[in-house]
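Colleague: Okay, so here is coords.pdb, and as you'll see once you scroll down, it has PDB, C-alpha atoms and all ligand atoms.
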```
ATOM      1  CA  MET A  17     251.779 164.743 176.532  1.00  0.00           C
ATOM      2  CA  PRO A  18     250.257 164.407 180.021  1.00  0.00           C
ATOM      3  CA  ILE A  19     249.615 160.792 181.047  1.00  0.00           C
ATOM      4  CA  PHE A  20     247.173 160.126 183.893  1.00  0.00           C
ATOM      5  CA  GLU A  21     246.793 157.069 186.139  1.00  0.00           C
ATOM      6  CA  THR A  22     243.014 156.945 185.836  1.00  0.00           C
ATOM      7  CA  LEU A  23     240.205 158.378 183.747  1.00  0.00           C
ATOM      8  CA  ASP A  24     239.102 160.271 186.840  1.00  0.00           C
ATOM      9  CA  ASP A  25     242.531 161.973 187.110  1.00  0.00           C
ATOM     10  CA  LEU A  26     242.425 162.784 183.396  1.00  0.00           C
ATOM     11  CA  SER A  27     238.913 164.185 183.693  1.00  0.00           C
ATOM     12  CA  ASN A  28     239.764 166.357 186.702  1.00  0.00           C
ATOM     13  CA  SER A  29     242.760 167.815 184.891  1.00  0.00           C
ATOM     14  CA  ALA A  30     240.706 168.454 181.742  1.00  0.00           C
ATOM     15  CA  ALA A  31     237.928 170.062 183.815  1.00  0.00           C
ATOM     16  CA  ASP A  32     240.409 172.464 185.448  1.00  0.00           C
ATOM     17  CA  ALA A  33     241.946 173.292 182.067  1.00  0.00           C
ATOM     18  CA  PHE A  34     238.461 173.823 180.596  1.00  0.00           C
ATOM     19  CA  CYS A  35     237.560 176.280 183.387  1.00  0.00           C
ATOM     20  CA  LYS A  36     240.816 178.224 182.907  1.00  0.00           C
ATOM     21  CA  LEU A  37     240.443 178.417 179.125  1.00  0.00           C
ATOM     22  CA  ALA A  38     236.747 179.330 179.281  1.00  0.00           C
ATOM     23  CA  THR A  39     237.348 182.050 181.876  1.00  0.00           C
ATOM     24  CA  GLU A  40     240.239 183.599 179.926  1.00  0.00           C
ATOM     25  CA  THR A  41     238.377 183.404 176.609  1.00  0.00           C
ATOM     26  CA  ILE A  42     235.214 184.990 178.011  1.00  0.00           C
ATOM     27  CA  GLU A  43     237.324 187.804 179.504  1.00  0.00           C
ATOM     28  CA  GLN A  44     238.878 188.432 176.086  1.00  0.00           C
ATOM     29  CA  ARG A  45     235.983 187.775 173.697  1.00  0.00           C
ATOM     30  CA  GLY A  46     232.809 187.609 175.761  1.00  0.00           C
ATOM     31  CA  VAL A  47     231.873 184.108 174.584  1.00  0.00           C
ATOM     32  CA  PHE A  48     233.388 180.600 174.697  1.00  0.00           C
ATOM     33  CA  ARG A  49     232.409 178.286 171.861  1.00  0.00           C
ATOM     34  CA  VAL A  50     233.154 174.602 172.382  1.00  0.00           C
ATOM     35  CA  THR A  51     232.419 171.615 170.186  1.00  0.00           C
ATOM     36  CA  LEU A  52     231.924 168.433 172.194  1.00  0.00           C
ATOM     37  CA  SER A  53     232.962 164.844 171.702  1.00  0.00           C
ATOM     38  CA  GLY A  54     230.651 161.932 172.426  1.00  0.00           C
ATOM     39  CA  GLY A  55     231.104 158.302 173.360  1.00  0.00           C
ATOM     40  CA  SER A  56     232.052 157.181 176.852  1.00  0.00           C
ATOM     41  CA  THR A  57     235.421 158.833 177.569  1.00  0.00           C
ATOM     42  CA  PRO A  58     234.347 162.490 178.094  1.00  0.00           C
ATOM     43  CA  LYS A  59     231.312 161.662 180.270  1.00  0.00           C
ATOM     44  CA  ARG A  60     233.231 162.037 183.552  1.00  0.00           C
ATOM     45  CA  LEU A  61     234.619 165.395 182.390  1.00  0.00           C
ATOM     46  CA  TYR A  62     231.076 166.597 181.680  1.00  0.00           C
ATOM     47  CA  GLU A  63     229.899 165.403 185.111  1.00  0.00           C
ATOM     48  CA  LEU A  64     232.728 167.332 186.761  1.00  0.00           C
ATOM     49  CA  LEU A  65     232.010 170.456 184.714  1.00  0.00           C
ATOM     50  CA  ALA A  66     228.391 170.351 185.901  1.00  0.00           C
ATOM     51  CA  LYS A  67     229.660 171.164 189.414  1.00  0.00           C
ATOM     52  CA  LYS A  68     231.818 174.106 188.339  1.00  0.00           C
ATOM     53  CA  ASP A  69     230.857 177.721 188.790  1.00  0.00           C
ATOM     54  CA  LEU A  70     231.199 179.136 185.279  1.00  0.00           C
ATOM     55  CA  PRO A  71     229.286 181.877 183.426  1.00  0.00           C
ATOM     56  CA  TRP A  72     227.172 179.298 181.577  1.00  0.00           C
ATOM     57  CA  ASP A  73     225.215 181.994 179.712  1.00  0.00           C
ATOM     58  CA  LYS A  74     228.462 182.849 177.877  1.00  0.00           C
ATOM     59  CA  ILE A  75     229.379 179.278 176.941  1.00  0.00           C
ATOM     60  CA  GLU A  76     227.994 177.850 173.705  1.00  0.00           C
ATOM     61  CA  PHE A  77     227.908 174.066 173.240  1.00  0.00           C
ATOM     62  CA  TYR A  78     227.991 172.422 169.814  1.00  0.00           C
ATOM     63  CA  TRP A  79     228.471 168.775 168.838  1.00  0.00           C
ATOM     64  CA  GLY A  80     231.478 167.621 166.832  1.00  0.00           C
ATOM     65  CA  ASP A  81     229.716 164.421 165.888  1.00  0.00           C
ATOM     66  CA  GLU A  82     226.464 162.616 166.357  1.00  0.00           C
ATOM     67  CA  ARG A  83     224.862 159.246 165.756  1.00  0.00           C
ATOM     68  CA  ASN A  84     221.871 158.829 163.422  1.00  0.00           C
ATOM     69  CA  VAL A  85     219.348 158.517 166.237  1.00  0.00           C
ATOM     70  CA  THR A  86     216.826 160.800 167.890  1.00  0.00           C
ATOM     71  CA  ALA A  87     217.742 162.790 170.998  1.00  0.00           C
ATOM     72  CA  ASP A  88     216.109 160.360 173.439  1.00  0.00           C
ATOM     73  CA  HIS A  89     218.012 157.318 172.115  1.00  0.00           C
ATOM     74  CA  SER A  90     220.627 155.717 174.389  1.00  0.00           C
ATOM     75  CA  ASP A  91     223.266 156.062 171.600  1.00  0.00           C
ATOM     76  CA  SER A  92     222.695 159.815 171.215  1.00  0.00           C
ATOM     77  CA  ASN A  93     225.762 161.918 171.970  1.00  0.00           C
ATOM     78  CA  TYR A  94     223.419 164.810 172.776  1.00  0.00           C
ATOM     79  CA  ARG A  95     221.585 162.668 175.318  1.00  0.00           C
ATOM     80  CA  MET A  96     224.859 161.688 177.020  1.00  0.00           C
ATOM     81  CA  VAL A  97     225.910 165.347 177.350  1.00  0.00           C
ATOM     82  CA  ARG A  98     222.434 166.390 178.462  1.00  0.00           C
ATOM     83  CA  GLU A  99     222.367 163.783 181.239  1.00  0.00           C
ATOM     84  CA  ALA A 100     225.973 164.373 182.403  1.00  0.00           C
ATOM     85  CA  LEU A 101     226.112 168.148 182.119  1.00  0.00           C
ATOM     86  CA  LEU A 102     223.345 170.227 180.554  1.00  0.00           C
ATOM     87  CA  SER A 103     220.476 169.072 182.749  1.00  0.00           C
ATOM     88  CA  HIS A 104     222.438 170.238 185.813  1.00  0.00           C
ATOM     89  CA  LEU A 105     222.992 173.790 184.558  1.00  0.00           C
ATOM     90  CA  PRO A 106     220.634 176.766 184.908  1.00  0.00           C
ATOM     91  CA  GLN A 107     218.216 176.079 182.051  1.00  0.00           C
ATOM     92  CA  GLU A 108     217.341 179.721 181.388  1.00  0.00           C
ATOM     93  CA  SER A 109     220.935 180.553 180.449  1.00  0.00           C
ATOM     94  CA  LEU A 110     221.715 177.387 178.485  1.00  0.00           C
ATOM     95  CA  ARG A 111     223.200 177.921 175.012  1.00  0.00           C
ATOM     96  CA  ALA A 112     223.283 174.421 173.513  1.00  0.00           C
ATOM     97  CA  PHE A 113     223.050 173.632 169.804  1.00  0.00           C
ATOM     98  CA  PRO A 114     222.607 169.879 169.229  1.00  0.00           C
ATOM     99  CA  VAL A 115     222.489 168.321 165.769  1.00  0.00           C
ATOM    100  CA  PRO A 116     218.806 168.213 164.653  1.00  0.00           C
ATOM    101  CA  VAL A 117     218.848 164.528 163.700  1.00  0.00           C
ATOM    102  CA  ASP A 118     216.113 163.148 161.463  1.00  0.00           C
ATOM    103  CA  PRO A 119     217.231 159.508 161.099  1.00  0.00           C
ATOM    104  CA  ASP A 120     215.241 159.212 157.850  1.00  0.00           C
ATOM    105  CA  ASN A 121     216.974 162.176 156.248  1.00  0.00           C
ATOM    106  CA  PRO A 122     220.684 162.342 157.135  1.00  0.00           C
ATOM    107  CA  ALA A 123     221.569 164.727 154.292  1.00  0.00           C
ATOM    108  CA  ALA A 124     218.986 167.308 155.389  1.00  0.00           C
ATOM    109  CA  SER A 125     220.000 166.916 159.047  1.00  0.00           C
ATOM    110  CA  ALA A 126     223.654 167.582 158.229  1.00  0.00           C
ATOM    111  CA  GLU A 127     222.775 170.544 155.996  1.00  0.00           C
ATOM    112  CA  ALA A 128     220.617 172.065 158.743  1.00  0.00           C
ATOM    113  CA  TYR A 129     223.518 171.861 161.203  1.00  0.00           C
ATOM    114  CA  GLU A 130     225.967 173.250 158.657  1.00  0.00           C
ATOM    115  CA  LYS A 131     223.573 176.227 158.287  1.00  0.00           C
ATOM    116  CA  THR A 132     223.544 176.739 162.064  1.00  0.00           C
ATOM    117  CA  LEU A 133     227.347 176.728 162.132  1.00  0.00           C
ATOM    118  CA  ARG A 134     227.608 179.097 159.146  1.00  0.00           C
ATOM    119  CA  GLU A 135     225.247 181.527 160.912  1.00  0.00           C
ATOM    120  CA  THR A 136     227.236 181.320 164.141  1.00  0.00           C
ATOM    121  CA  PHE A 137     230.543 181.956 162.379  1.00  0.00           C
ATOM    122  CA  ALA A 138     229.130 184.297 159.746  1.00  0.00           C
ATOM    123  CA  GLY A 139     231.697 185.731 157.341  1.00  0.00           C
ATOM    124  CA  GLN A 140     234.381 183.203 158.294  1.00  0.00           C
ATOM    125  CA  ASP A 141     235.973 180.581 156.046  1.00  0.00           C
ATOM    126  CA  THR A 142     236.068 178.063 158.873  1.00  0.00           C
ATOM    127  CA  PRO A 143     234.532 177.881 162.356  1.00  0.00           C
ATOM    128  CA  THR A 144     236.942 179.291 164.944  1.00  0.00           C
ATOM    129  CA  TRP A 145     236.021 177.151 167.932  1.00  0.00           C
ATOM    130  CA  ASP A 146     237.667 178.216 171.152  1.00  0.00           C
ATOM    131  CA  LEU A 147     237.940 174.520 171.962  1.00  0.00           C
ATOM    132  CA  ALA A 148     237.331 171.301 170.034  1.00  0.00           C
ATOM    133  CA  LEU A 149     237.052 168.352 172.410  1.00  0.00           C
ATOM    134  CA  LEU A 150     237.905 165.132 170.601  1.00  0.00           C
ATOM    135  CA  GLY A 151     238.129 161.443 171.328  1.00  0.00           C
ATOM    136  CA  MET A 152     239.460 158.446 169.467  1.00  0.00           C
ATOM    137  CA  GLY A 153     237.916 155.047 168.839  1.00  0.00           C
ATOM    138  CA  ASP A 154     239.892 151.803 168.864  1.00  0.00           C
ATOM    139  CA  ASP A 155     239.932 152.011 165.045  1.00  0.00           C
ATOM    140  CA  ALA A 156     241.422 155.539 165.475  1.00  0.00           C
ATOM    141  CA  HIS A 157     238.334 157.350 164.243  1.00  0.00           C
ATOM    142  CA  THR A 158     237.919 160.832 165.640  1.00  0.00           C
ATOM    143  CA  ALA A 159     234.642 162.758 165.790  1.00  0.00           C
ATOM    144  CA  SER A 160     232.797 160.543 163.242  1.00  0.00           C
ATOM    145  CA  LEU A 161     235.632 160.668 160.733  1.00  0.00           C
ATOM    146  CA  PHE A 162     236.200 156.952 160.311  1.00  0.00           C
ATOM    147  CA  PRO A 163     239.064 155.482 158.279  1.00  0.00           C
ATOM    148  CA  GLU A 164     238.093 154.744 154.692  1.00  0.00           C
ATOM    149  CA  THR A 165     234.966 156.916 154.687  1.00  0.00           C
ATOM    150  CA  GLU A 166     234.140 159.786 152.358  1.00  0.00           C
ATOM    151  CA  ALA A 167     233.995 162.529 154.971  1.00  0.00           C
ATOM    152  CA  ILE A 168     237.712 162.390 155.714  1.00  0.00           C
ATOM    153  CA  ASN A 169     238.425 163.898 152.276  1.00  0.00           C
ATOM    154  CA  GLU A 170     235.830 166.674 152.512  1.00  0.00           C
ATOM    155  CA  THR A 171     237.340 170.140 152.105  1.00  0.00           C
ATOM    156  CA  ASP A 172     234.367 172.471 151.399  1.00  0.00           C
ATOM    157  CA  ARG A 173     231.674 171.519 153.890  1.00  0.00           C
ATOM    158  CA  TRP A 174     232.040 172.032 157.648  1.00  0.00           C
ATOM    159  CA  PHE A 175     229.608 169.351 158.760  1.00  0.00           C
ATOM    160  CA  VAL A 176     228.427 166.302 156.818  1.00  0.00           C
ATOM    161  CA  GLU A 177     226.589 163.002 157.049  1.00  0.00           C
ATOM    162  CA  ASN A 178     229.060 160.130 156.718  1.00  0.00           C
ATOM    163  CA  TRP A 179     228.176 156.566 155.679  1.00  0.00           C
ATOM    164  CA  VAL A 180     230.185 154.115 157.785  1.00  0.00           C
ATOM    165  CA  ALA A 181     229.960 150.852 155.845  1.00  0.00           C
ATOM    166  CA  LYS A 182     231.370 148.585 158.547  1.00  0.00           C
ATOM    167  CA  MET A 183     228.636 149.753 160.930  1.00  0.00           C
ATOM    168  CA  GLU A 184     225.980 150.027 158.216  1.00  0.00           C
ATOM    169  CA  THR A 185     224.894 153.401 159.505  1.00  0.00           C
ATOM    170  CA  TYR A 186     225.198 157.106 158.905  1.00  0.00           C
ATOM    171  CA  ARG A 187     227.093 159.276 161.342  1.00  0.00           C
ATOM    172  CA  TYR A 188     227.287 163.072 161.422  1.00  0.00           C
ATOM    173  CA  THR A 189     230.617 164.813 161.764  1.00  0.00           C
ATOM    174  CA  LEU A 190     232.637 167.976 161.582  1.00  0.00           C
ATOM    175  CA  THR A 191     235.087 167.785 158.706  1.00  0.00           C
ATOM    176  CA  ALA A 192     238.874 168.071 159.073  1.00  0.00           C
ATOM    177  CA  PRO A 193     239.008 171.787 158.082  1.00  0.00           C
ATOM    178  CA  ALA A 194     236.234 172.558 160.559  1.00  0.00           C
ATOM    179  CA  ILE A 195     238.200 170.862 163.343  1.00  0.00           C
ATOM    180  CA  ASN A 196     241.595 172.275 162.430  1.00  0.00           C
ATOM    181  CA  SER A 197     240.279 175.832 162.611  1.00  0.00           C
ATOM    182  CA  ALA A 198     239.759 175.437 166.374  1.00  0.00           C
ATOM    183  CA  ARG A 199     242.080 177.523 168.537  1.00  0.00           C
ATOM    184  CA  ASN A 200     242.514 174.527 170.846  1.00  0.00           C
ATOM    185  CA  LYS A 201     242.111 170.812 170.054  1.00  0.00           C
ATOM    186  CA  TRP A 202     242.168 168.411 172.977  1.00  0.00           C
ATOM    187  CA  PHE A 203     242.114 164.632 172.552  1.00  0.00           C
ATOM    188  CA  LEU A 204     240.824 162.704 175.572  1.00  0.00           C
ATOM    189  CA  ILE A 205     241.907 159.060 175.270  1.00  0.00           C
ATOM    190  CA  GLY A 206     241.510 156.390 177.923  1.00  0.00           C
ATOM    191  CA  GLY A 207     241.481 152.606 178.082  1.00  0.00           C
ATOM    192  CA  ALA A 208     243.651 149.665 177.034  1.00  0.00           C
ATOM    193  CA  ASN A 209     241.453 149.118 173.966  1.00  0.00           C
ATOM    194  CA  LYS A 210     242.934 152.323 172.483  1.00  0.00           C
ATOM    195  CA  ARG A 211     246.572 151.256 172.959  1.00  0.00           C
ATOM    196  CA  GLN A 212     247.218 149.836 169.511  1.00  0.00           C
ATOM    197  CA  ALA A 213     245.581 152.723 167.670  1.00  0.00           C
ATOM    198  CA  LEU A 214     247.314 155.311 169.843  1.00  0.00           C
ATOM    199  CA  ALA A 215     250.720 153.684 169.328  1.00  0.00           C
ATOM    200  CA  SER A 216     250.096 153.767 165.604  1.00  0.00           C
ATOM    201  CA  VAL A 217     249.075 157.424 165.669  1.00  0.00           C
ATOM    202  CA  ARG A 218     252.048 158.396 167.828  1.00  0.00           C
ATOM    203  CA  SER A 219     254.716 156.445 165.966  1.00  0.00           C
ATOM    204  CA  GLN A 220     253.433 157.402 162.518  1.00  0.00           C
ATOM    205  CA  ALA A 221     255.392 154.384 161.313  1.00  0.00           C
ATOM    206  CA  SER A 222     252.834 151.633 161.419  1.00  0.00           C
ATOM    207  CA  ASP A 223     251.384 149.824 158.475  1.00  0.00           C
ATOM    208  CA  LEU A 224     248.043 149.520 160.254  1.00  0.00           C
ATOM    209  CA  PRO A 225     245.158 150.958 158.259  1.00  0.00           C
ATOM    210  CA  VAL A 226     244.713 153.501 161.056  1.00  0.00           C
ATOM    211  CA  ALA A 227     248.313 154.756 160.824  1.00  0.00           C
ATOM    212  CA  LEU A 228     248.612 158.543 160.934  1.00  0.00           C
ATOM    213  CA  PHE A 229     244.928 158.790 161.741  1.00  0.00           C
ATOM    214  CA  PRO A 230     243.768 161.087 163.346  1.00  0.00           C
ATOM    215  CA  SER A 231     247.068 162.997 163.337  1.00  0.00           C
ATOM    216  CA  ARG A 232     246.705 163.121 159.549  1.00  0.00           C
ATOM    217  CA  LEU A 233     243.493 165.096 160.002  1.00  0.00           C
ATOM    218  CA  VAL A 234     243.977 167.158 163.146  1.00  0.00           C
ATOM    219  CA  GLU A 235     246.756 169.708 163.362  1.00  0.00           C
ATOM    220  CA  SER A 236     248.446 170.681 166.657  1.00  0.00           C
ATOM    221  CA  PRO A 237     246.431 168.517 169.029  1.00  0.00           C
ATOM    222  CA  GLU A 238     246.926 168.429 172.787  1.00  0.00           C
ATOM    223  CA  TRP A 239     246.604 165.013 174.398  1.00  0.00           C
ATOM    224  CA  PHE A 240     245.062 163.875 177.688  1.00  0.00           C
ATOM    225  CA  ILE A 241     245.808 160.156 177.965  1.00  0.00           C
ATOM    226  CA  THR A 242     245.471 157.441 180.601  1.00  0.00           C
ATOM    227  CA  ARG A 243     248.392 155.180 181.421  1.00  0.00           C
ATOM    228  CA  ASP A 244     246.598 152.033 180.258  1.00  0.00           C
ATOM    229  CA  ALA A 245     246.187 153.540 176.795  1.00  0.00           C
ATOM    230  CA  VAL A 246     249.995 153.699 176.548  1.00  0.00           C
ATOM    231  CA  PHE A 247     251.505 150.928 178.702  1.00  0.00           C
ATOM    232  CA  GLU A 248     250.529 147.329 179.365  1.00  0.00           C
ATOM    233  CA  ALA A 249     249.592 146.640 183.007  1.00  0.00           C
TER     234      ALA A 249
HETATM  235  O1  LIG B 301     231.528 156.998 168.442  1.00  0.00           O
HETATM  236  C1  LIG B 301     232.265 157.772 168.985  1.00  0.00           C
HETATM  237  O2  LIG B 301     233.490 157.352 169.356  1.00  0.00           O
HETATM  238  C2  LIG B 301     234.544 158.223 169.744  1.00  0.00           C
HETATM  239  C3  LIG B 301     235.291 157.493 170.837  1.00  0.00           C
HETATM  240  O3  LIG B 301     234.353 157.142 171.861  1.00  0.00           O
HETATM  241  P1  LIG B 301     234.744 156.393 173.200  1.00  0.00           P
HETATM  242  O4  LIG B 301     233.451 155.751 173.679  1.00  0.00           O
HETATM  243  O5  LIG B 301     235.770 155.356 172.855  1.00  0.00           O
HETATM  244  O6  LIG B 301     235.248 157.399 174.159  1.00  0.00           O
HETATM  245  C4  LIG B 301     234.047 159.578 170.196  1.00  0.00           C
HETATM  246  O7  LIG B 301     235.127 160.473 170.285  1.00  0.00           O
HETATM  247  C5  LIG B 301     232.974 160.092 169.262  1.00  0.00           C
HETATM  248  O8  LIG B 301     232.550 161.394 169.652  1.00  0.00           O
HETATM  249  C6  LIG B 301     231.822 159.129 169.329  1.00  0.00           C
HETATM  250  O9  LIG B 301     230.687 159.542 168.601  1.00  0.00           O
END
```
How does this structure look as structure tokens?
Ligand SMILES: O=C1O[C@H](COP(=O)(O)O)[C@@H](O)[C@H](O)[C@H]1O
Modeller:
Amino acid sequence: MPIFETLDDLSNSAADAFCKLATETIEQRGVFRVTLSGGSTPKRLYELLAKKDLPWDKIEFYWGDERNVTADHSDSNYRMVREALLSHLPQESLRAFPVPVDPDNPAASAEAYEKTLRETFAGQDTPTWDLALLGMGDDAHTASLFPETEAINETDRWFVENWVAKMETYRYTLTAPAINSARNKWFLIGGANKRQALASVRSQASDLPVALFPSRLVESPEWFITRDAVFEA
């Protein structure tokens, strides 16, 4: 488990690893399909990727989770990725597939995205992402699979709306089977506010409600972690 001094170090390492994996995958399969995480942690990675020379017309971007807001809203995960990365890439070759959020109709929004994913991975039981980028909240949620919500038990659907009672809002999220099918699953975790949840996940021996989460849901993850998320200063 690589541990980095700063989020910038973590992001640089993840950017280099992303370029290597994308280049190798495109050589082998002609396309690189990545599902993105939102929130604050991956923003620096996306900014660094924007400066890389990659065959962007062969890289497809999808969203692993989204908030129930329109694309111009400051909470939108799509907006964050667009500002950090997509707006800096050649627009004519962009292959980005954001969640089509209608805040008044979460069920239809999730179904529409599920349809997009089923068309992309036609004939497959699960979506074989080349890379699933993931984060973790201080309550140990990953994507928008929050502890004690319905979506964490979903086994048939790939992408669902998920009512998060403590936030009184819907979120949209890939389900556990649709994350586990990824060939590579990278968790990017930074900040002292994640320390307790990360310790719980790593020890798998805590009685915290977040114990074993997200390791209960995500098989064979690779971790990119900052020092302050592990050790006290
Ligand atoms: O709400 C979300 O939270 C997690 C963690 O975000 P961070 O701001 O603590 O980095 C993120 O992975 C997820 O995609 C996002 O929607």
Colleague: Please identify all polymer residues within 9 Å of segment 229-246 of chain A, counting only C-alpha atoms, omitting same-chain residues fewer than 2 positions from it, and present them as a PyMOL selection string.
Modeller: chain A and resi 17-23+25-27+29-30+152+156-158+161+163+168+191-193+195-197+200-218+220+225-227+248-249
Colleague: Once the PyMOL selection byres (((chain A and resi 186-188) around 9) and not hetatm) has been applied to the shown file, what residues remain in the selection, as a ChimeraX atom specification?
Modeller: /A:80-84,115,117,119,122,125-126,159-161,175-181,183-185,189-190
Colleague: So, with all atoms listed in the file as the atoms that count, which of A:Ile42, A:Leu149, A:Ala100, A:Ala194 lies closest to ligand LIG 301 (chain B)?
Modeller: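 Checking each candidate against ligand LIG 301 (chain B), we get A:Leu149 as the closest.
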Colleague: Would you compute the distance between atom CA of Pro116 of chain A and atom CA of Trp145 of chain A? Give it in Å to one decimal.
Modeller: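 That distance, rounded to one decimal, is 19.7 Å.
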Colleague: Can you measure atom CA of Asp88 of chain A to atom CA of Asp154 of chain A for me? One decimal in Å is fine.
Modeller: 25.7 Å
Colleague: How many Å separate atom CA of His89 of chain A from atom CA of Leu52 of chain A?
Modeller: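 Interatomic distance, atom CA of His89 of chain A to atom CA of Leu52 of chain A: 17.8 Å.
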Colleague: If the PyMOL selection byres (((chain A and resi 132) around 12) and not hetatm) were run on this exact file, what residues would it hold? Put them as a list in words.
Modeller: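 Selected by the PyMOL selection byres (((chain A and resi 132) around 12) and not hetatm) here: Tyr78, Trp79, Ala112, Phe113, Pro114, Val115, Pro116, Ser125, Ala126, Glu127, Ala128, Tyr129, Glu130, Lys131, Leu133, Arg134, Glu135, Thr136, Phe137, Ala138, Pro143, Trp174 and Phe175 of chain A.
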Colleague: Can you translate the PyMOL selection byres (((chain A and resi 61-64) around 6) and not hetatm) into the concrete residues it hits in this file, as a list in words?
Modeller: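 Checking the PyMOL selection byres (((chain A and resi 61-64) around 6) and not hetatm) against this file, the residues are Ser27, Ala31, Pro58, Lys59, Arg60, Leu65, Ala66, Lys67, Ala100 and Leu101 of chain A.
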Colleague: From the set A:Val85, A:Leu105, A:Ala33, A:Leu110, which residue has the shortest atom-to-atom contact distance to ligand LIG 301 (chain B), counting all atoms listed in the file?
Modeller: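 Nearest candidate to ligand LIG 301 (chain B) out of A:Val85, A:Leu105, A:Ala33, A:Leu110: A:Val85.
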Colleague: Of the residues A:Ala198, A:Val97, A:Leu102, A:Ala123, which is the one nearest to ligand LIG 301 (chain B), using all atoms listed in the file?
Modeller: A:Val97
Colleague: Find the residues around Glu76 of chain A up to 9 Å (all atoms listed in the file counted), leave out those fewer than 4 positions away in its own chain, and share them as a list in words.
Modeller: Val47, Phe48, Arg49, Val50, Thr51, Trp72, Leu110, Arg111, Ala112 and Phe113 of chain A
Colleague: N, CA and C atoms are needed for segment 159-170 of chain A; please write them out as a CSV table (one decimal), in the frame of the given file.
Modeller:
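Written output follows (out-v5.csv):
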```
chain,number,residue,atom,x,y,z
A,159,ALA,N,236.0,162.3,166.1
A,159,ALA,CA,234.6,162.8,165.8
A,159,ALA,C,233.9,161.6,165.1
A,160,SER,N,233.3,161.7,164.0
A,160,SER,CA,232.8,160.5,163.2
A,160,SER,C,233.5,160.5,161.9
A,161,LEU,N,234.8,160.8,161.9
A,161,LEU,CA,235.6,160.7,160.7
A,161,LEU,C,236.3,159.3,160.9
A,162,PHE,N,235.7,158.3,160.2
A,162,PHE,CA,236.2,157.0,160.3
A,162,PHE,C,237.2,156.7,159.2
A,163,PRO,N,238.2,155.9,159.4
A,163,PRO,CA,239.1,155.5,158.3
A,163,PRO,C,238.2,154.9,157.1
A,164,GLU,N,238.7,155.3,155.9
A,164,GLU,CA,238.1,154.7,154.7
A,164,GLU,C,236.6,155.2,154.5
A,165,THR,N,236.3,156.4,155.0
A,165,THR,CA,235.0,156.9,154.7
A,165,THR,C,235.1,158.2,153.9
A,166,GLU,N,234.1,158.6,153.2
A,166,GLU,CA,234.1,159.8,152.4
A,166,GLU,C,234.5,161.1,153.1
A,167,ALA,N,233.9,161.2,154.3
A,167,ALA,CA,234.0,162.5,155.0
A,167,ALA,C,235.4,163.0,155.3
A,168,ILE,N,236.3,162.0,155.4
A,168,ILE,CA,237.7,162.4,155.7
A,168,ILE,C,238.4,163.2,154.6
A,169,ASN,N,237.8,163.1,153.4
A,169,ASN,CA,238.4,163.9,152.3
A,169,ASN,C,237.7,165.2,152.0
A,170,GLU,N,236.7,165.5,152.8
A,170,GLU,CA,235.8,166.7,152.5
A,170,GLU,C,236.6,168.0,152.8
```
